[in-house]
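Data block for entry.cif (mmCIF, C-alpha atoms):
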data_my_file
loop_
_atom_site.label_atom_id
_atom_site.label_comp_id
_atom_site.auth_asym_id
_atom_site.auth_seq_id
_atom_site.Cartn_x
_atom_site.Cartn_y
_atom_site.Cartn_z
CA MET A 1 -13.99 12.23 1.88
CA ASN A 2 -15.05 13.70 -1.44
CA SER A 3 -12.16 16.11 -1.47
CA TYR A 4 -9.98 13.30 -2.83
CA LEU A 5 -12.20 13.07 -5.87
CA ILE A 6 -12.13 16.73 -6.82
CA GLY A 7 -10.67 17.06 -10.27
CA ALA A 8 -11.36 13.46 -11.25
CA ALA A 9 -13.63 12.91 -14.22
CA LEU A 10 -16.73 10.77 -13.77
CA PRO A 11 -15.61 7.92 -16.07
CA ASP A 12 -12.37 7.60 -14.13
CA VAL A 13 -14.22 7.49 -10.83
CA LEU A 14 -16.65 4.89 -12.15
CA THR A 15 -13.81 2.77 -13.57
CA PHE A 16 -11.91 2.93 -10.31
CA PHE A 17 -14.83 1.92 -8.12
CA LEU A 18 -16.05 -0.80 -10.47
CA ALA A 19 -12.59 -2.35 -10.87
CA GLY A 20 -11.93 -1.94 -7.16
CA LEU A 21 -15.19 -3.72 -6.35
CA ILE A 22 -14.23 -6.54 -8.72
CA CYS A 23 -10.82 -6.80 -7.05
CA VAL A 24 -12.24 -6.93 -3.53
CA ILE A 25 -14.94 -9.47 -4.45
CA GLY A 26 -12.33 -11.67 -6.12
CA ALA A 27 -9.99 -11.40 -3.15
CA LEU A 28 -12.78 -12.34 -0.74
CA GLY A 29 -13.61 -15.24 -3.04
CA VAL A 30 -10.02 -16.50 -2.81
CA VAL A 31 -10.08 -16.41 0.97
CA LEU A 32 -13.62 -17.62 1.62
CA SER A 33 -14.29 -20.24 -1.05
CA ASN A 34 -13.99 -23.81 0.13
CA HIS A 35 -13.08 -25.18 -3.29
CA PRO A 36 -9.54 -24.62 -4.64
CA VAL A 37 -10.71 -24.29 -8.26
CA ARG A 38 -13.17 -21.57 -7.28
CA ALA A 39 -10.42 -19.82 -5.37
CA ALA A 40 -8.18 -19.89 -8.45
CA LEU A 41 -10.93 -18.45 -10.64
CA SER A 42 -11.62 -15.73 -8.07
CA LEU A 43 -7.90 -14.95 -8.21
CA VAL A 44 -8.27 -14.45 -11.98
CA MET A 45 -11.08 -11.98 -11.25
CA THR A 46 -8.85 -9.96 -8.93
CA LEU A 47 -5.97 -10.04 -11.42
CA PHE A 48 -8.18 -8.67 -14.19
CA GLY A 49 -9.44 -5.95 -11.89
CA VAL A 50 -5.88 -4.94 -11.05
CA ALA A 51 -5.05 -4.97 -14.78
CA VAL A 52 -7.92 -2.55 -15.40
CA LEU A 53 -6.55 -0.29 -12.67
CA PHE A 54 -3.12 -0.46 -14.34
CA VAL A 55 -4.64 0.72 -17.61
CA GLU A 56 -6.44 3.45 -15.71
CA GLN A 57 -3.06 4.63 -14.44
CA GLN A 58 -1.44 4.64 -17.89
CA ALA A 59 0.63 1.51 -17.24
CA ASP A 60 -0.56 -0.24 -20.40
CA PHE A 61 2.39 -2.57 -20.82
CA LEU A 62 2.17 -3.74 -17.22
CA ALA A 63 -1.54 -4.42 -17.66
CA ALA A 64 -0.78 -6.63 -20.67
CA VAL A 65 1.99 -8.41 -18.77
CA GLN A 66 -0.33 -8.82 -15.80
CA VAL A 67 -2.96 -10.56 -17.90
CA ILE A 68 -0.46 -12.69 -19.81
CA VAL A 69 1.84 -13.73 -16.98
CA TYR A 70 -0.51 -13.82 -14.00
CA ALA A 71 -3.87 -14.81 -15.46
CA GLY A 72 -2.32 -16.76 -18.31
CA ALA A 73 0.59 -18.58 -16.72
CA ILE A 74 0.50 -18.51 -12.94
CA VAL A 75 -3.19 -19.30 -12.46
CA VAL A 76 -2.97 -22.03 -15.08
CA LEU A 77 -0.05 -23.45 -13.10
CA PHE A 78 -2.19 -23.36 -9.97
CA LEU A 79 -5.07 -25.08 -11.73
CA PHE A 80 -2.67 -27.64 -13.19
CA VAL A 81 -1.34 -28.53 -9.75
CA ILE A 82 -4.88 -28.66 -8.31
CA MET A 83 -5.92 -31.10 -11.02
CA LEU A 84 -2.66 -33.07 -10.83
CA LEU A 85 -2.85 -33.62 -7.10
CA GLY A 86 -6.57 -34.26 -7.07
CA VAL A 87 -7.00 -31.92 -4.11
CA ASP A 88 -10.06 -30.36 -5.68
CA LYS A 89 -12.27 -31.75 -2.99
CA VAL A 90 -14.23 -29.45 -0.74
CA GLU A 91 -12.39 -28.33 2.37
CA LYS A 92 -14.39 -28.12 5.57
CA ILE A 93 -13.97 -24.44 6.18
CA ALA A 94 -16.60 -24.16 8.90
CA LYS A 95 -14.52 -26.06 11.45
CA GLU A 96 -11.83 -24.03 13.10
CA PRO A 97 -8.64 -26.07 13.36
CA LEU A 98 -7.15 -23.97 16.15
CA LYS A 99 -9.43 -22.41 18.72
CA GLY A 100 -9.59 -18.62 18.53
CA GLN A 101 -7.22 -18.47 15.58
CA ARG A 102 -9.65 -16.80 13.19
CA ILE A 103 -10.64 -14.08 15.65
CA PHE A 104 -7.02 -13.22 16.25
CA ALA A 105 -6.24 -13.39 12.54
CA LEU A 106 -9.10 -11.02 11.75
CA LEU A 107 -8.10 -8.61 14.51
CA PHE A 108 -4.50 -8.73 13.35
CA GLY A 109 -5.56 -8.14 9.75
CA LEU A 110 -7.81 -5.21 10.68
CA GLY A 111 -5.06 -3.63 12.76
CA PHE A 112 -2.68 -4.11 9.88
CA LEU A 113 -5.17 -2.47 7.50
CA ALA A 114 -5.52 0.48 9.86
CA LEU A 115 -1.75 0.85 10.01
CA ILE A 116 -1.34 0.86 6.23
CA MET A 117 -4.26 3.27 5.87
CA ILE A 118 -2.72 5.69 8.35
CA PHE A 119 0.68 5.49 6.69
CA GLY A 120 -0.78 5.80 3.22
CA HIS A 121 -2.93 8.72 4.26
CA ASN A 122 0.02 10.60 5.63
CA HIS A 123 2.11 9.98 2.49
CA PHE A 124 5.08 9.31 4.69
CA SER A 125 7.07 7.67 1.94
CA MET A 126 7.33 10.46 -0.58
CA GLY A 127 10.87 10.47 -1.89
CA GLN A 128 12.74 12.29 -4.59
CA ASN A 129 10.80 12.75 -7.79
CA SER A 130 11.90 11.39 -11.14
CA VAL A 131 15.18 9.64 -10.52
CA VAL A 132 15.19 7.74 -13.80
CA GLY A 133 12.59 9.55 -15.86
CA THR A 134 8.99 10.61 -15.78
CA ALA A 135 6.16 8.16 -16.25
CA SER A 136 3.63 9.02 -18.88
CA GLY A 137 0.99 7.13 -20.77
CA GLY A 138 0.80 5.54 -24.18
CA ASP A 139 3.71 4.42 -26.29
CA LYS A 140 6.02 6.87 -24.63
CA GLY A 141 5.54 5.08 -21.32
CA ILE A 142 6.63 1.78 -22.85
CA VAL A 143 9.73 3.42 -24.32
CA GLN A 144 10.59 4.92 -20.96
CA LEU A 145 10.02 1.59 -19.21
CA ALA A 146 12.34 -0.14 -21.68
CA GLN A 147 14.98 2.55 -21.35
CA ALA A 148 14.90 2.42 -17.56
CA THR A 149 14.98 -1.38 -17.56
CA PHE A 150 17.93 -1.67 -19.89
CA THR A 151 20.02 1.20 -18.55
CA ASN A 152 19.51 2.01 -14.89
CA TYR A 153 18.07 -1.38 -13.95
CA LEU A 154 20.25 -3.57 -16.15
CA LEU A 155 21.94 -5.42 -13.28
CA PRO A 156 18.63 -6.30 -11.53
CA PHE A 157 17.26 -7.34 -14.91
CA GLU A 158 20.14 -9.74 -15.46
CA SER A 159 19.77 -10.98 -11.89
CA THR A 160 16.15 -11.91 -12.58
CA SER A 161 17.31 -14.14 -15.41
CA LEU A 162 19.63 -15.88 -12.95
CA LEU A 163 16.71 -16.12 -10.50
CA LEU A 164 14.51 -17.73 -13.13
CA ILE A 165 17.18 -20.31 -13.99
CA ILE A 166 17.62 -21.12 -10.29
CA ALA A 167 13.85 -21.46 -9.90
CA VAL A 168 13.59 -23.84 -12.85
CA VAL A 169 16.48 -26.00 -11.62
CA GLY A 170 15.07 -25.95 -8.09
CA ALA A 171 11.65 -27.02 -9.29
CA VAL A 172 13.13 -29.88 -11.31
CA ILE A 173 15.21 -31.06 -8.35
CA LEU A 174 12.26 -30.78 -5.94
CA VAL A 175 9.85 -32.88 -7.97
CA ARG A 176 12.45 -35.38 -9.17
CA ARG A 177 12.01 -38.96 -8.07
CA GLU A 178 14.49 -40.21 -5.49
CA GLY A 179 17.45 -42.37 -6.43
CA PRO A 180 19.02 -43.01 -9.83
CA PHE A 181 16.95 -42.80 -12.97
CA ASP A 182 14.66 -45.80 -12.90
CA THR A 183 13.96 -47.32 -16.26
CA GLU A 184 11.54 -49.95 -14.90
CA ASP A 185 8.70 -47.47 -14.51
CA LEU A 186 9.25 -46.13 -17.98
CA GLU A 187 9.15 -49.59 -19.50
CA ASP A 188 5.93 -50.40 -17.68
CA GLU A 189 4.31 -47.19 -18.81
CA ASP A 190 5.48 -47.71 -22.36
CA GLU A 191 4.24 -51.26 -22.48
CA SER A 192 0.87 -50.26 -21.14
CA ARG A 193 0.60 -47.55 -23.75
CA ILE A 194 1.93 -49.40 -26.79
CA VAL A 195 1.39 -53.11 -26.97
CA GLU A 196 4.23 -54.40 -29.07
CA PRO A 197 5.06 -58.08 -28.82
CA GLY A 198 8.74 -58.75 -29.27
CA ASP A 199 9.89 -55.50 -27.72
CA ASP A 200 11.15 -56.52 -24.31
CA GLY A 201 12.60 -53.09 -23.64
CA LEU A 202 16.27 -53.99 -23.66
CA ALA A 203 17.39 -50.82 -25.37
CA THR A 204 15.41 -48.52 -23.12
CA ASP A 205 17.53 -45.42 -23.42
CA SER A 206 17.11 -45.19 -27.13
CA SER A 207 13.53 -46.43 -27.19
CA ASN A 208 12.53 -43.90 -24.56
CA SER A 209 12.93 -40.99 -26.89
CA SER A 210 11.83 -42.86 -29.97
CA ASP A 211 8.65 -44.13 -28.33
CA LEU A 212 7.36 -40.61 -28.06
CA VAL A 213 7.80 -40.25 -31.77
CA GLU A 214 6.53 -43.70 -32.49
CA THR A 215 3.29 -43.41 -30.55
CA PRO A 216 1.24 -41.51 -33.11
CA ILE A 217 2.63 -43.64 -35.91
CA VAL A 218 1.52 -46.82 -34.17
CA GLU A 219 -1.89 -45.34 -33.51
CA GLY A 220 -2.09 -44.22 -37.10
CA GLU A 221 -1.34 -47.71 -38.34
CA ASP A 222 -3.95 -49.13 -36.02
CA SER A 223 -6.59 -46.75 -37.22
CA GLU A 224 -5.64 -47.36 -40.82
CA SER A 225 -5.84 -51.09 -40.37
CA ALA A 226 -9.13 -50.70 -38.55
CA GLU A 227 -10.46 -48.68 -41.43
CA ALA A 228 -9.19 -51.23 -43.90
CA ILE A 229 -10.93 -54.01 -42.04
CA MET B 1 -7.23 13.82 -14.28
CA THR B 2 -7.84 10.47 -12.75
CA VAL B 3 -8.66 9.38 -9.22
CA SER B 4 -6.22 10.51 -6.54
CA VAL B 5 -3.43 8.21 -5.44
CA GLY B 6 -4.81 7.90 -1.92
CA TRP B 7 -7.76 5.86 -3.15
CA TYR B 8 -5.47 3.48 -4.99
CA VAL B 9 -3.27 3.07 -1.92
CA GLY B 10 -6.36 2.40 0.18
CA LEU B 11 -7.57 -0.25 -2.26
CA GLY B 12 -4.09 -1.80 -2.24
CA ALA B 13 -4.17 -1.86 1.56
CA ILE B 14 -7.56 -3.58 1.56
CA LEU B 15 -6.40 -6.20 -0.95
CA PHE B 16 -3.18 -6.76 0.98
CA SER B 17 -5.06 -7.23 4.25
CA ILE B 18 -7.47 -9.71 2.67
CA GLY B 19 -4.53 -11.75 1.41
CA PHE B 20 -2.82 -11.43 4.80
CA VAL B 21 -5.86 -12.73 6.69
CA GLY B 22 -6.20 -15.48 4.09
CA VAL B 23 -2.67 -16.73 4.72
CA LEU B 24 -3.42 -16.76 8.44
CA ILE B 25 -6.77 -18.55 8.43
CA ARG B 26 -6.58 -20.98 5.50
CA ARG B 27 -5.01 -24.42 5.90
CA ASN B 28 -4.76 -25.42 2.25
CA VAL B 29 -1.23 -24.67 1.05
CA LEU B 30 -2.39 -23.91 -2.50
CA ILE B 31 -4.84 -21.29 -1.29
CA MET B 32 -2.18 -19.84 0.99
CA LEU B 33 0.04 -19.42 -2.07
CA MET B 34 -2.86 -17.74 -3.89
CA CYS B 35 -3.20 -15.33 -0.97
CA VAL B 36 0.50 -14.52 -1.28
CA GLU B 37 -0.15 -13.68 -4.94
CA LEU B 38 -2.97 -11.43 -3.76
CA MET B 39 -0.58 -9.55 -1.48
CA LEU B 40 1.97 -9.20 -4.27
CA ASN B 41 -0.74 -7.78 -6.53
CA ALA B 42 -1.77 -5.27 -3.89
CA SER B 43 1.80 -4.07 -3.59
CA ASN B 44 2.03 -3.88 -7.39
CA LEU B 45 -1.04 -1.65 -7.46
CA THR B 46 0.52 0.62 -4.86
CA LEU B 47 3.80 0.77 -6.77
CA VAL B 48 2.06 1.76 -10.00
CA SER B 49 0.01 4.39 -8.17
CA TYR B 50 3.08 5.97 -6.63
CA ALA B 51 4.89 5.76 -9.96
CA ARG B 52 2.10 7.86 -11.42
CA GLN B 53 2.00 10.24 -8.46
CA LEU B 54 5.76 10.82 -8.32
CA LYS B 55 6.10 10.78 -12.13
CA ASP B 56 8.84 8.18 -11.80
CA ILE B 57 9.04 5.21 -14.15
CA GLY B 58 11.08 3.28 -11.54
CA GLY B 59 7.90 2.14 -9.81
CA GLN B 60 6.72 0.44 -12.97
CA VAL B 61 10.11 -1.23 -13.39
CA ASP B 62 9.75 -2.53 -9.85
CA VAL B 63 6.36 -4.01 -10.73
CA PHE B 64 8.07 -5.75 -13.64
CA PHE B 65 10.57 -7.36 -11.27
CA VAL B 66 7.86 -8.27 -8.78
CA LEU B 67 6.09 -10.15 -11.58
CA VAL B 68 9.23 -12.16 -12.34
CA VAL B 69 9.85 -12.93 -8.67
CA ALA B 70 6.20 -13.95 -8.24
CA ALA B 71 6.49 -16.37 -11.15
CA ALA B 72 9.66 -17.91 -9.68
CA GLU B 73 8.06 -18.09 -6.24
CA VAL B 74 4.99 -19.87 -7.57
CA VAL B 75 7.11 -22.37 -9.49
CA VAL B 76 9.19 -23.29 -6.44
CA GLY B 77 6.22 -23.22 -4.07
CA LEU B 78 4.12 -25.51 -6.22
CA ALA B 79 7.10 -27.86 -6.67
CA ILE B 80 7.37 -28.06 -2.87
CA VAL B 81 3.63 -28.73 -2.60
CA VAL B 82 3.86 -31.50 -5.20
CA SER B 83 6.84 -33.15 -3.51
CA ILE B 84 5.15 -32.98 -0.07
CA PHE B 85 1.95 -34.36 -1.55
CA ARG B 86 3.84 -37.34 -2.96
CA LYS B 87 5.07 -38.30 0.50
CA ARG B 88 2.05 -37.37 2.62
CA LEU B 89 -0.90 -37.53 0.22
CA ASN B 90 -2.18 -34.32 1.73
CA ALA B 91 -1.76 -30.64 1.08
CA THR B 92 -2.85 -28.94 4.28
CA ALA B 93 -0.41 -26.98 6.38
CA ASP B 94 -1.36 -28.83 9.57
CA ASP B 95 0.00 -32.10 8.26
CA ILE B 96 3.47 -30.74 7.61
CA SER B 97 4.78 -31.11 11.13
CA SER B 98 7.92 -33.18 10.71
CA LEU B 99 10.10 -30.50 12.28
CA LYS B 100 7.95 -30.27 15.40
CA GLY B 101 10.06 -30.85 18.52
#

Can you turn what I pasted into structure tokens?
Amino acid sequence: MNSYLIGAALPDVLTFFLAGLICVIGALGVVLSNHPVRAALSLVMTLFGVAVLFVEQQADFLAAVQVIVYAGAIVVLFLFVIMLLGVDKVEKIAKEPLKGQRIFALLFGLGFLALIMIFGHNHFSMGQNSVVGTASGGDKGIVQLAQATFTNYLLPFESTSLLLIIAVVGAVILVRREGPFDTEDLEDEDESRIVEPGDDGLATDSSNSSDLVETPIVEGEDSESAEAI
Amino acid sequence: MTVSVGWYVGLGAILFSIGFVGVLIRRNVLIMLMCVELMLNASNLTLVSYARQLKDIGGQVDVFFVLVVAAAEVVVGLAIVVSIFRKRLNATADDISSLKG
């Protein structure tokens, strides 16, 4: 077992095992916690651990992107949806919804782990070395990543932009309210927010955008008048 | 000289299996999506390790694309969760059984 570690310096070994421990604890926290917010924060723990392992393997740029995109954007999106839906109540995790499901899931997962371990141990997937350039650390690695992205991988790169546009449009269509654009709701919300006698909301289309601008002004006037009184 | 690639692949396998079991046993759709993110991260770790082992920057470019696809997947998945929640007022996978024959 120790033959793997021959040639590795002690700080590297310590970093690997510490970050790996953090990753595994975070992953177990995601699966085992009965509170969605705790699961999201455990996910952040795992993501940071993986980022440390990226730095350890001289993938500095990817570590930065990992922290910014995953921990910064995706987990915040998760937390936002948890708070928006109000599903942050405790799930009864002790009760098994389907009899025998967990046993089979665990057995399946362990068998899967054994399969990956065997395949990974045998290095069955070693292909041709250095098709688009060698990976090395530091600034040079970022330059190589950029060169590979914008030359050899230009078409996939452009396809991801298309994918992102499709995802944004799909998300908007999925969460859109049914039917034509309903101005009644907007008027109600606006009237509850800003109490303006005389505005019966006839010109809703124009007032919709202007209300957003008007809101702080109205509040400012109120506070000023309150101060004056 | 850093730790050998086999250890990284083993850690990636462990993380992937934890996420895999999580998708199977959890009923909350949000946590299932988090477990999918866990699996994507495990595969990212493996890709970076092999990129270092094979001295090939292509693995890191792949991780880059996986990040973009993960972001798109989360956006669409959470939009589906929100739209289901509006109709059903629930977010567990057992309640989504409209297609059951």

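In this comparison, which uses all atoms listed in the file, the residue of A:Val13, A:Ile68, A:Ile103, A:Val52 approaching chain B most closely is A:Val13.
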
**Request:** For the structure provided, state which residues fall under the PyMOL selection byres ((chain B and resi 65-80) around 10), and present them as a PyMOL selection string.
**Result:** (chain A and resi 62+65-66+69-70+73-75+77-78+80-82+149+153+156-157+159-161+163-176) or (chain B and resi 29-30+33-34+36-37+40-41+43-44+59-64+81-86)

**Prompt:** Do you have the atom CA of Leu113 of chain A-atom CA of Ser17 of chain B distance handy?
**Reply:** 5.8 Å

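Here, the PyMOL selection byres ((chain B and resi 23) around 9) matches Val31 of chain A; Ile18, Gly19, Phe20, Val21, Gly22, Leu24, Ile25, Arg26, Arg27, Val29, Ile31, Met32, Leu33, Met34, Cys35 and Val36 of chain B.
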
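Nearest residue to chain B among A:Ala39, A:Leu18, A:Val55, A:Val67 is A:Ala39, counting only C-alpha atoms.
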
**Request:** Name the residues that the PyMOL selection byres ((chain B and resi 11) around 10) picks from the file above, as a list of chain:residue names, using the file's chain letters and numbers.
**Result:** A:Phe16, A:Phe17, A:Gly20, A:Leu21, A:Cys23, A:Val24, A:Met117, B:Val5, B:Gly6, B:Trp7, B:Tyr8, B:Val9, B:Gly10, B:Gly12, B:Ala13, B:Ile14, B:Leu15, B:Phe16, B:Ser17, B:Ala42, B:Leu45, B:Thr46

Give me a file of those residues, with C-alpha atoms, as an mmCIF file, keeping the file's coordinate frame.
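again00.cif written:
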data_model
loop_
_atom_site.group_PDB
_atom_site.id
_atom_site.type_symbol
_atom_site.label_atom_id
_atom_site.label_comp_id
_atom_site.auth_asym_id
_atom_site.auth_seq_id
_atom_site.Cartn_x
_atom_site.Cartn_y
_atom_site.Cartn_z
ATOM 1 C CA PHE A 16 -11.910 2.930 -10.310
ATOM 2 C CA PHE A 17 -14.830 1.920 -8.120
ATOM 3 C CA GLY A 20 -11.930 -1.940 -7.160
ATOM 4 C CA LEU A 21 -15.190 -3.720 -6.350
ATOM 5 C CA CYS A 23 -10.820 -6.800 -7.050
ATOM 6 C CA VAL A 24 -12.240 -6.930 -3.530
ATOM 7 C CA MET A 117 -4.260 3.270 5.870
ATOM 8 C CA VAL B 5 -3.430 8.210 -5.440
ATOM 9 C CA GLY B 6 -4.810 7.900 -1.920
ATOM 10 C CA TRP B 7 -7.760 5.860 -3.150
ATOM 11 C CA TYR B 8 -5.470 3.480 -4.990
ATOM 12 C CA VAL B 9 -3.270 3.070 -1.920
ATOM 13 C CA GLY B 10 -6.360 2.400 0.180
ATOM 14 C CA GLY B 12 -4.090 -1.800 -2.240
ATOM 15 C CA ALA B 13 -4.170 -1.860 1.560
ATOM 16 C CA ILE B 14 -7.560 -3.580 1.560
ATOM 17 C CA LEU B 15 -6.400 -6.200 -0.950
ATOM 18 C CA PHE B 16 -3.180 -6.760 0.980
ATOM 19 C CA SER B 17 -5.060 -7.230 4.250
ATOM 20 C CA ALA B 42 -1.770 -5.270 -3.890
ATOM 21 C CA LEU B 45 -1.040 -1.650 -7.460
ATOM 22 C CA THR B 46 0.520 0.620 -4.860
#

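A straight line drawn from atom CA of Asn28 of chain B to atom CA of Gly100 of chain A is 18.3 Å long.
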
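Among the candidates B:Arg52, B:Asp95, B:Lys87, B:Met39, the one nearest to chain A when counting only C-alpha atoms is B:Arg52.
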
**Request:** Using atom CA of Val30 of chain A and atom CA of Gly49 of chain A as the two end points, give the distance in Å to one decimal.
**Result:** 13.9 Å

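Considering the residues B:Ala51, B:Ala93, B:Arg88, B:Leu99 and counting only C-alpha atoms, chain A has its shortest atom-to-atom contact with B:Ala51.
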
**Request:** Using all atoms listed in the file, pick whichever of A:Gly72, A:Gly29, A:Pro36, A:Gly86 has the shortest atom-to-atom distance to chain B.
**Result:** A:Pro36

**Item:** Residue among A:Leu106, A:His35, A:Lys140, A:Glu158 lying closest to chain B, counting only C-alpha atoms
**Value:** A:Leu106

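A distance cut-off of 6 Å around (0.3, 2.7, -13.5), counting all atoms listed in the file, selects these protein and nucleic acid residues: A:Phe54, A:Gln57, A:Gln58, A:Ala59, B:Val48, B:Ser49, B:Arg52.
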
Output for the residues just chosen: C-alpha atoms as a short mmCIF file (atom, residue, chain, number, x, y, z; two decimals), in the coordinates of the input:
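Contents of result29.cif, freshly written:
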data_model
loop_
_atom_site.label_atom_id
_atom_site.label_comp_id
_atom_site.auth_asym_id
_atom_site.auth_seq_id
_atom_site.Cartn_x
_atom_site.Cartn_y
_atom_site.Cartn_z
CA PHE A 54 -3.12 -0.46 -14.34
CA GLN A 57 -3.06 4.63 -14.44
CA GLN A 58 -1.44 4.64 -17.89
CA ALA A 59 0.63 1.51 -17.24
CA VAL B 48 2.06 1.76 -10.00
CA SER B 49 0.01 4.39 -8.17
CA ARG B 52 2.10 7.86 -11.42
#
